[in-house]
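Colleague: Below you'll find query_37.txt; it's compact mmCIF, C-alpha atoms and all ligand atoms.
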```txt
# COMPACT_ATOMS: atom_id res chain seq x y z
CA MET A 1 0.28 -16.04 -25.16
CA LYS A 2 -0.42 -12.50 -23.95
CA HIS A 3 -0.13 -11.90 -20.20
CA VAL A 4 -1.55 -8.58 -19.04
CA ILE A 5 -0.81 -7.36 -15.52
CA ILE A 6 -2.71 -4.49 -13.92
CA GLY A 7 -0.56 -2.72 -11.31
CA ALA A 8 3.20 -2.09 -11.44
CA GLY A 9 3.83 -2.64 -7.72
CA VAL A 10 5.72 -5.48 -6.02
CA ALA A 11 3.18 -8.20 -6.86
CA GLY A 12 2.68 -7.13 -10.48
CA ILE A 13 6.32 -6.63 -11.32
CA THR A 14 7.35 -9.88 -9.60
CA ALA A 15 4.77 -11.79 -11.63
CA ALA A 16 6.00 -10.14 -14.84
CA ARG A 17 9.59 -11.07 -14.10
CA THR A 18 8.67 -14.65 -13.14
CA ILE A 19 6.77 -15.14 -16.41
CA LYS A 20 9.59 -13.75 -18.57
CA GLU A 21 12.27 -15.71 -16.72
CA GLN A 22 10.41 -18.95 -17.35
CA ASP A 23 9.11 -18.26 -20.85
CA ARG A 24 11.11 -15.83 -22.98
CA GLU A 25 8.49 -16.03 -25.75
CA ALA A 26 5.57 -14.90 -23.57
CA GLU A 27 4.25 -11.41 -24.23
CA VAL A 28 4.05 -9.50 -20.94
CA VAL A 29 2.40 -6.10 -20.61
CA VAL A 30 2.31 -4.32 -17.23
CA ILE A 31 -0.09 -1.41 -16.88
CA GLY A 32 0.55 0.91 -13.93
CA ASP A 33 -1.22 4.18 -13.21
CA GLU A 34 1.71 5.81 -11.43
CA LEU A 35 4.06 7.96 -13.48
CA PHE A 36 7.24 6.32 -12.26
CA LEU A 37 9.21 3.20 -13.02
CA PRO A 38 8.21 0.43 -10.55
CA TYR A 39 9.64 1.32 -7.15
CA LYS A 40 10.02 -0.16 -3.67
CA ARG A 41 7.27 1.44 -1.59
CA TYR A 42 8.72 0.06 1.66
CA LEU A 43 11.89 2.12 1.12
CA LEU A 44 10.12 5.49 0.81
CA SER A 45 11.13 6.53 4.34
CA GLU A 46 14.78 5.80 3.59
CA PHE A 47 14.50 7.96 0.48
CA LEU A 48 12.73 10.75 2.36
CA SER A 49 15.43 10.84 5.00
CA ASN A 50 18.15 10.80 2.29
CA SER A 51 19.51 7.41 3.43
CA ILE A 52 19.15 6.18 -0.15
CA LYS A 53 19.06 7.88 -3.56
CA ARG A 54 16.00 7.91 -5.82
CA ASP A 55 17.58 5.35 -8.17
CA GLU A 56 17.85 2.88 -5.31
CA LEU A 57 14.06 2.87 -4.98
CA LEU A 58 13.64 1.28 -8.40
CA PHE A 59 13.03 -2.41 -9.07
CA PHE A 60 14.29 -2.07 -12.65
CA SER A 61 16.05 0.42 -14.86
CA ILE A 62 14.54 0.99 -18.31
CA GLY A 63 17.42 -1.07 -19.68
CA MET A 64 16.59 -4.04 -17.46
CA LEU A 65 12.92 -3.90 -18.43
CA LYS A 66 13.95 -4.00 -22.09
CA GLU A 67 16.38 -6.83 -21.46
CA LEU A 68 13.68 -8.86 -19.75
CA GLY A 69 11.24 -8.01 -22.55
CA ILE A 70 8.57 -6.60 -20.23
CA LYS A 71 6.40 -3.93 -21.84
CA LEU A 72 5.54 -1.27 -19.21
CA ARG A 73 2.67 1.13 -19.82
CA LYS A 74 3.10 3.66 -17.01
CA GLY A 75 0.69 6.47 -16.24
CA GLU A 76 -2.18 4.35 -17.62
CA HIS A 77 -5.26 3.47 -15.57
CA VAL A 78 -7.40 0.39 -16.18
CA LYS A 79 -11.09 1.28 -16.00
CA THR A 80 -12.93 -1.97 -16.57
CA ILE A 81 -12.47 -5.69 -17.13
CA GLU A 82 -14.72 -7.83 -19.33
CA PRO A 83 -13.91 -11.46 -18.48
CA LEU A 84 -16.28 -13.01 -21.06
CA LYS A 85 -14.62 -11.13 -23.93
CA LYS A 86 -11.15 -11.42 -22.32
CA LEU A 87 -10.45 -7.73 -22.59
CA ILE A 88 -9.75 -4.68 -20.44
CA LYS A 89 -10.53 -1.05 -21.08
CA LEU A 90 -8.04 1.70 -20.26
CA HIS A 91 -8.88 5.21 -19.06
CA HIS A 92 -8.79 6.63 -22.60
CA ASN A 93 -11.07 3.78 -23.80
CA GLU A 94 -8.28 1.81 -25.45
CA VAL A 95 -9.29 -1.84 -25.47
CA MET A 96 -6.67 -4.50 -24.81
CA HIS A 97 -7.06 -8.23 -25.22
CA TYR A 98 -5.48 -10.74 -22.81
CA ASP A 99 -5.02 -14.49 -22.66
CA LYS A 100 -4.15 -14.42 -18.93
CA LEU A 101 -4.80 -11.45 -16.67
CA LEU A 102 -3.35 -10.58 -13.27
CA ILE A 103 -4.93 -7.92 -11.07
CA ALA A 104 -2.26 -6.56 -8.70
CA THR A 105 -3.62 -3.13 -7.90
CA GLY A 106 -2.61 -2.88 -4.21
CA GLY A 107 -4.43 -0.82 -1.60
CA SER A 108 -4.74 2.86 -0.69
CA PRO A 109 -5.34 4.86 2.49
CA SER A 110 -8.96 5.96 2.78
CA LEU A 111 -10.96 8.43 4.84
CA GLY A 112 -14.15 7.73 6.79
CA LEU A 113 -17.19 9.99 6.86
CA VAL A 114 -15.83 12.40 9.49
CA LEU A 115 -12.55 13.18 7.74
CA ARG A 116 -13.74 13.08 4.13
CA PRO A 117 -14.83 16.76 4.01
CA TYR A 118 -11.29 17.80 4.96
CA LYS A 119 -9.54 15.73 2.28
CA LYS A 120 -7.91 18.75 0.65
CA HIS A 121 -6.13 19.60 3.92
CA ILE A 122 -4.91 16.05 4.53
CA SER A 123 -1.61 14.56 3.35
CA PHE A 124 -1.12 10.87 2.64
CA TYR A 125 2.09 8.91 2.72
CA SER A 126 1.76 5.91 0.50
CA SER A 127 3.33 6.64 -2.87
CA LEU A 128 6.45 8.10 -4.43
CA TYR A 129 4.37 11.07 -5.52
CA ASP A 130 3.31 11.72 -1.87
CA THR A 131 6.94 11.39 -0.83
CA LEU A 132 8.25 13.82 -3.46
CA VAL A 133 5.65 16.40 -2.43
CA LEU A 134 6.54 15.89 1.24
CA LYS A 135 10.27 16.11 0.53
CA GLU A 136 9.72 19.57 -1.01
CA LYS A 137 7.71 20.75 2.01
CA LEU A 138 9.93 19.19 4.70
CA PRO A 139 12.26 22.15 5.34
CA GLU A 140 9.25 24.34 6.27
CA ILE A 141 7.58 21.70 8.43
CA ARG A 142 8.18 21.86 12.15
CA LYS A 143 5.00 20.43 13.67
CA CYS A 144 3.11 17.39 12.35
CA ILE A 145 -0.11 15.71 13.39
CA VAL A 146 -0.63 12.07 12.48
CA PHE A 147 -3.94 10.24 12.87
CA GLY A 148 -4.27 6.70 11.66
CA ASN A 149 -3.49 3.10 12.33
CA GLY A 150 -1.48 0.24 10.95
CA VAL A 151 2.23 -0.23 10.68
CA SER A 152 2.56 2.34 7.86
CA CYS A 153 1.38 4.93 10.39
CA LEU A 154 4.08 3.83 12.83
CA ASP A 155 6.61 4.06 9.99
CA LEU A 156 5.52 7.64 9.27
CA ILE A 157 5.58 8.78 12.91
CA CYS A 158 9.09 7.41 13.45
CA MET A 159 10.43 8.79 10.19
CA LEU A 160 9.15 12.29 10.98
CA ARG A 161 10.60 12.13 14.50
CA ASN A 162 13.93 10.85 13.16
CA LEU A 163 13.99 13.93 10.95
CA GLY A 164 13.67 16.12 14.05
CA LYS A 165 10.02 17.11 13.59
CA GLN A 166 7.63 17.70 16.47
CA VAL A 167 5.12 14.85 16.14
CA THR A 168 1.69 14.53 17.73
CA TYR A 169 0.04 11.17 17.22
CA ILE A 170 -3.71 10.96 17.78
CA THR A 171 -5.30 7.56 18.31
CA LYS A 172 -8.81 6.36 19.10
CA GLU A 173 -7.31 3.65 21.30
CA GLU A 174 -6.40 3.84 25.01
CA GLN A 175 -2.73 3.40 24.06
CA ALA A 176 -0.62 3.69 20.93
CA THR A 177 -0.81 0.08 19.76
CA PHE A 178 0.17 -1.36 16.43
CA ALA A 179 -0.14 -4.90 15.21
CA LEU A 180 3.28 -6.20 16.22
CA ASN A 181 4.25 -9.80 16.56
CA GLU A 182 6.39 -9.05 19.62
CA TYR A 183 3.44 -9.05 22.02
CA ASP A 184 5.63 -8.06 25.00
CA PHE A 185 6.92 -5.02 23.22
CA GLU A 186 3.49 -4.13 21.88
CA GLY A 187 2.53 -3.30 25.47
CA GLU A 188 5.60 -1.08 25.88
CA LEU A 189 5.37 0.65 22.54
CA HIS A 190 3.40 3.62 23.87
CA THR A 191 6.13 4.42 26.43
CA PHE A 192 8.87 3.73 23.85
CA LEU A 193 7.38 6.32 21.48
CA GLU A 194 6.89 8.87 24.27
CA GLU A 195 10.49 8.40 25.34
CA LYS A 196 11.50 9.17 21.74
CA GLY A 197 9.70 12.52 22.11
CA ILE A 198 6.43 11.72 20.30
CA GLU A 199 3.37 13.30 21.91
CA ILE A 200 0.47 10.84 22.00
CA ILE A 201 -3.17 11.84 22.41
CA THR A 202 -5.32 8.82 23.20
CA GLU A 203 -9.07 8.05 22.99
CA ASP A 204 -9.54 10.94 20.64
CA GLN A 205 -9.98 11.71 16.95
CA ILE A 206 -9.90 14.62 14.56
CA VAL A 207 -13.31 16.19 13.84
CA LEU A 208 -12.32 19.42 12.10
CA ILE A 209 -9.38 20.74 10.10
CA GLU A 210 -9.17 24.39 9.06
CA GLU A 211 -6.51 26.26 7.17
CA SER A 212 -4.90 29.03 9.22
CA ASP A 213 -2.36 31.77 8.39
CA ASN A 214 0.60 29.50 8.87
CA GLY A 215 -0.68 25.93 8.73
CA TYR A 216 -3.77 24.23 10.07
CA LYS A 217 -6.03 24.32 13.11
CA VAL A 218 -7.19 20.90 14.22
CA GLU A 219 -10.05 20.19 16.59
CA THR A 220 -10.60 16.83 18.23
CA ILE A 221 -13.66 15.11 19.66
CA GLN A 222 -12.29 15.81 23.16
CA GLN A 223 -12.29 19.51 22.13
CA LYS A 224 -8.54 19.86 21.98
CA MET A 225 -7.52 22.74 19.72
CA LEU A 226 -4.18 22.04 18.06
CA THR A 227 -2.05 23.84 15.50
CA THR A 228 0.20 22.14 13.00
CA ASP A 229 2.11 22.64 9.75
CA ILE A 230 0.80 19.42 8.21
CA VAL A 231 -1.90 16.82 8.91
CA PHE A 232 -1.53 13.17 7.94
CA ALA A 233 -4.66 11.13 8.41
CA TRP A 234 -6.40 8.00 7.22
CA ASP A 235 -8.97 5.68 8.73
CA TYR A 236 -8.13 2.43 6.94
CA TYR A 237 -6.36 0.90 3.93
CA LYS A 238 -8.69 -0.25 1.19
CA PRO A 239 -7.94 -2.54 -1.79
CA ASN A 240 -7.98 -0.69 -5.16
CA ILE A 241 -10.63 -2.72 -6.92
CA ALA A 242 -12.73 -0.12 -8.75
CA CYS A 243 -11.79 -1.75 -12.08
CA ILE A 244 -13.70 -4.97 -11.21
CA GLU A 245 -16.86 -3.21 -9.99
CA ASP A 246 -18.85 -3.91 -13.19
CA SER A 247 -17.53 -7.44 -13.65
CA ALA A 248 -18.64 -10.74 -12.16
CA ILE A 249 -15.30 -11.21 -10.37
CA GLU A 250 -16.17 -12.18 -6.80
CA LYS A 251 -15.11 -9.83 -4.04
CA LYS A 252 -15.62 -8.87 -0.39
CA THR A 253 -13.40 -6.00 0.72
CA GLY A 254 -10.75 -7.33 -1.69
CA ILE A 255 -10.78 -9.70 -4.67
CA LEU A 256 -11.47 -13.27 -3.55
CA VAL A 257 -8.88 -15.80 -4.68
CA ASN A 258 -8.15 -19.48 -4.04
CA VAL A 259 -4.72 -20.81 -3.00
CA ARG A 260 -3.65 -20.80 -6.66
CA LEU A 261 -4.54 -17.09 -6.70
CA GLU A 262 -7.29 -17.67 -9.25
CA THR A 263 -10.31 -15.38 -9.07
CA SER A 264 -13.84 -16.60 -9.73
CA GLU A 265 -13.37 -15.82 -13.46
CA LYS A 266 -11.42 -18.03 -15.86
CA ASP A 267 -7.83 -16.97 -16.64
CA ILE A 268 -7.96 -14.04 -14.21
CA TYR A 269 -5.61 -14.09 -11.22
CA ALA A 270 -5.09 -11.55 -8.43
CA ALA A 271 -2.16 -10.97 -6.06
CA GLY A 272 -0.87 -8.64 -3.33
CA ASP A 273 -2.69 -6.09 -1.20
CA CYS A 274 -5.82 -6.13 -3.39
CA VAL A 275 -6.76 -9.75 -2.62
CA GLU A 276 -8.58 -11.58 0.13
CA ILE A 277 -7.56 -15.16 0.67
CA TYR A 278 -8.86 -17.83 3.02
CA HIS A 279 -6.89 -18.11 6.24
CA PRO A 280 -7.22 -21.64 7.66
CA CYS A 281 -6.62 -20.52 11.28
CA LEU A 282 -8.93 -17.50 11.17
CA LYS A 283 -11.43 -19.62 9.21
CA ASN A 284 -12.26 -16.59 7.16
CA TYR A 285 -11.03 -14.53 4.24
CA TRP A 286 -8.47 -11.86 5.09
CA ILE A 287 -6.22 -9.33 3.37
CA ASN A 288 -2.62 -10.30 3.93
CA PHE A 289 -1.03 -6.86 3.49
CA GLY A 290 2.72 -6.48 3.24
CA LEU A 291 5.77 -6.86 1.11
CA PRO A 292 6.66 -10.56 1.71
CA ASN A 293 3.09 -11.52 0.83
CA ALA A 294 3.03 -9.41 -2.34
CA LEU A 295 6.38 -10.83 -3.46
CA GLU A 296 5.39 -14.43 -2.85
CA GLN A 297 1.95 -14.02 -4.42
CA GLY A 298 3.47 -12.28 -7.44
CA LYS A 299 5.81 -15.24 -7.96
CA ILE A 300 3.05 -17.84 -7.58
CA ALA A 301 0.58 -15.97 -9.77
CA GLY A 302 3.24 -15.67 -12.50
CA LYS A 303 3.96 -19.40 -12.42
CA ASN A 304 0.27 -20.35 -12.44
CA MET A 305 -0.41 -18.00 -15.34
CA LEU A 306 2.12 -20.15 -17.21
CA GLY A 307 0.06 -23.25 -16.42
CA GLN A 308 1.89 -24.47 -13.32
CA ASN A 309 0.11 -25.52 -10.16
CA GLU A 310 1.65 -23.67 -7.20
CA GLU A 311 -0.17 -23.02 -3.94
CA TYR A 312 0.25 -19.94 -1.79
CA LYS A 313 1.00 -20.36 1.91
CA ILE A 314 0.10 -17.50 4.25
CA GLN A 315 3.07 -15.20 5.02
CA GLU A 316 2.18 -14.04 8.52
CA ALA A 317 4.63 -11.36 9.49
CA ILE A 318 6.57 -8.52 7.96
CA VAL A 319 9.90 -7.27 9.17
CA PHE A 320 9.84 -3.69 10.28
CA ASN A 321 12.56 -1.32 11.39
CA LEU A 322 11.40 0.88 14.27
CA MET A 323 13.96 3.58 15.02
CA GLY A 324 16.77 1.05 14.82
CA LYS A 325 14.80 -1.70 16.55
CA SER A 326 14.09 -4.66 14.27
CA LEU A 327 10.56 -5.92 14.83
CA LYS A 328 8.18 -8.31 13.26
CA ALA A 329 4.86 -6.74 12.49
CA ARG A 330 1.53 -7.91 11.22
CA TRP A 331 0.31 -5.59 8.53
CA TRP A 332 -3.27 -6.58 9.03
CA LYS A 333 -5.06 -8.63 11.66
C1 LIG B 1 5.27 4.10 3.47
C2 LIG B 1 5.11 2.62 3.39
C3 LIG B 1 6.01 1.78 4.05
C4 LIG B 1 5.88 0.40 3.97
N1 LIG B 1 6.79 -0.39 4.63
C5 LIG B 1 6.64 -1.73 4.59
C6 LIG B 1 7.55 -2.58 5.29
O1 LIG B 1 8.49 -2.12 5.96
N2 LIG B 1 7.36 -3.93 5.23
C7 LIG B 1 6.32 -4.47 4.50
O2 LIG B 1 6.19 -5.68 4.47
N3 LIG B 1 5.45 -3.69 3.84
C8 LIG B 1 5.58 -2.35 3.86
N4 LIG B 1 4.68 -1.54 3.19
C9 LIG B 1 3.56 -2.18 2.45
C10 LIG B 1 4.03 -2.68 1.11
O3 LIG B 1 4.68 -1.66 0.40
C11 LIG B 1 2.80 -3.16 0.35
O4 LIG B 1 2.22 -4.22 1.09
C12 LIG B 1 3.17 -3.65 -1.05
O5 LIG B 1 3.66 -2.57 -1.81
C13 LIG B 1 1.96 -4.26 -1.75
O6 LIG B 1 2.33 -4.57 -3.05
P1 LIG B 1 1.23 -4.66 -4.21
O7 LIG B 1 2.00 -4.98 -5.44
O8 LIG B 1 0.13 -5.52 -3.79
O9 LIG B 1 0.60 -3.19 -4.32
P2 LIG B 1 1.27 -1.79 -4.59
O10 LIG B 1 2.71 -1.78 -4.26
O11 LIG B 1 0.38 -0.81 -3.91
O12 LIG B 1 1.14 -1.62 -6.18
C14 LIG B 1 -0.11 -1.53 -6.83
C15 LIG B 1 0.02 -0.58 -8.01
O13 LIG B 1 -1.13 -0.68 -8.83
C16 LIG B 1 -1.52 0.61 -9.24
N5 LIG B 1 -2.93 0.58 -9.62
C17 LIG B 1 -4.03 0.55 -8.81
N6 LIG B 1 -5.16 0.52 -9.53
C18 LIG B 1 -4.78 0.54 -10.83
C19 LIG B 1 -5.52 0.54 -12.07
N7 LIG B 1 -6.87 0.46 -12.10
N8 LIG B 1 -4.82 0.61 -13.22
C20 LIG B 1 -3.45 0.67 -13.23
N9 LIG B 1 -2.72 0.66 -12.09
C21 LIG B 1 -3.37 0.60 -10.91
C22 LIG B 1 -1.23 1.46 -8.01
O14 LIG B 1 -1.15 2.83 -8.32
C23 LIG B 1 0.12 0.88 -7.59
O15 LIG B 1 1.17 1.49 -8.27
C24 LIG B 1 4.81 -0.16 3.23
C25 LIG B 1 3.90 0.68 2.58
C26 LIG B 1 4.03 2.05 2.66
C27 LIG B 1 3.03 2.93 1.95
```
Rewrite the coordinates I just gave you, this time as structure tokens.
Ligand SMILES: Cc1cc2nc3c(=O)[nH]c(=O)nc-3n(C[C@H](O)[C@H](O)[C@H](O)COP(=O)(O)OP(=O)(O)OC[C@H]3O[C@@H](n4cnc5c(N)ncnc54)[C@H](O)[C@@H]3O)c2cc1C
Modeller:
Amino acid sequence: MKHVIIGAGVAGITAARTIKEQDREAEVVVIGDELFLPYKRYLLSEFLSNSIKRDELLFFSIGMLKELGIKLRKGEHVKTIEPLKKLIKLHHNEVMHYDKLLIATGGSPSLGLVLRPYKKHISFYSSLYDTLVLKEKLPEIRKCIVFGNGVSCLDLICMLRNLGKQVTYITKEEQATFALNEYDFEGELHTFLEEKGIEIITEDQIVLIEESDNGYKVETIQQKMLTTDIVFAWDYYKPNIACIEDSAIEKKTGILVNVRLETSEKDIYAAGDCVEIYHPCLKNYWINFGLPNALEQGKIAGKNMLGQNEEYKIQEAIVFNLMGKSLKARWWK
């Protein structure tokens, strides 16, 4: 039985491991478009601030992958899926057959209409590649502007401040608010960040970014003119589902799955940040971003690909370390 997994992130690699641990004979191929061995995205800040070494980011060494018998095709992008023929097409038009397929392609930061023209001036912080580039630039960076939302934005702001950088955070909201589970603290977060030395500009957004002699000039809707060495910005996180566009696999913002993580197409499963699953309390589909969710879904998808019948239960909160303060956060509301 050939199990093909698209995406070498937490969900994909957990599924691969689960399958091989339960069935040594199964053929497992993981296709990931990043150039690195599978790594722990949630530890990127620790790596950037030199709290851990690069090796410690990895889920597996090459030796461990071999031992487990997982075939990793890194640096390979899956272009299309053809469920009726049970095959996928890679970027260089290689065709690969599968018996069971898992889509675990995660999500990426995206820009709205206003920021899109300035993409080349904007830095992201969501992959090891972004982190390596940033690590190179860090010594020359003094001032940073961050515009965005979500807990990954909070992670970035705090990491930069911890590294002694001057940080300006721009938010459309009246206050710096992030989706935390500690509702009391959520109200105090704005003051907490200001006390840590982070400048916060509220009810505003970036409308123009221009390169200048020694960095960037940034203009906001409230006509503030700012200068900075680097601009981080994103409007939202979006599931990476381009590879299903031409298929009949049902989707909304993400790939729709049932509690067994099956998609609308036979023998195709999906897990992690790329899926939307029904939330019984919200009475709607939602994307349950975050590490605990991706881990759990990876495990369940792996078992179900082997013919078991496991159901996923919503993992509500993620644990988040905010400048030494341990908090529970919701990745997505
Ligand atoms: C800086 C940062 C800090 C974070 N901190 C935390 C935290 O403290 N706690 C927490 O719970 N969560 C945290 N997260 C979120 C967490 O890392 C994600 O929720 C988790 O990685 C999702 O796992 P995934 O396997 O679904 O997707 P990903 O880890 O994103 O992996 C998906 C992989 O698939 C690849 N891919 C996409 N499309 C294709 C294709 N067509 N072909 C081949 N490969 C493809 C992608 O390049 C990627 O490598 C953090 C995220 C970031 C960016």
Colleague: Report, as lines of an AutoDock Vina configuration file, the axis-aligned box around all atoms of ligand LIG 1 (chain B) present in the file, extended by 6 Å on each side; give centre and edge lengths in Å to one decimal place.
Modeller:
```
center_x = 0.8
center_y = -0.8
center_z = -3.6
size_x = 27.4
size_y = 21.8
size_z = 31.2
```
Colleague: Around ligand LIG 1 (chain B), which protein and nucleic acid residues have at least one atom no more than 7 Å from it, if we count only C-alpha atoms and all ligand atoms? List them as a ChimeraX atom specification.
Modeller: /A:6-12,31-34,40-45,76-79,104-107,125-127,152,155-156,240-243,271-274,289-292,294,318-321
Colleague: Need the neighbours of (0.0, 29.7, 10.8): which residues are at most 8 Å away, counting only C-alpha atoms, as a ChimeraX atom specification?
Modeller: /A:212-216,227-229
Colleague: So how far away is CA of Ile230 in chain A from CA of Gln175 in chain A, in Å?
Modeller: 22.8 Å
Colleague: Residues near Ile221 in chain A, anyone? I mean within 6 Å using all atoms listed in the file, not counting same-chain ones fewer than 2 positions away, as a PyMOL selection string.
Modeller: chain A and resi 204-205+207+223
Colleague: Report, in Å to a single decimal, how far apart CA of Gln308 in chain A and CA of Leu261 in chain A are.
Modeller: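 That distance, rounded to one decimal, is 11.8 Å.
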Colleague: To one decimal place, how far is CA of Leu128 in chain A from CA of Lys299 in chain A in Å?
Modeller: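 Separation of CA of Leu128 in chain A and CA of Lys299 in chain A: 23.6 Å.
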Colleague: Which is closest to Ala15 in chain A among A:Lys120, A:His3, A:Lys266, A:Arg54, if we use all atoms listed in the file?
Modeller: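 Smallest distance to Ala15 in chain A is found for A:His3.
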Colleague: Need the neighbours of (8.2, 11.4, 10.2): which residues are at most 10 Å away, counting only C-alpha atoms, as an MDAnalysis selection string?
Modeller: chainID A and resid 45 48:49 125 138 144:146 153:167
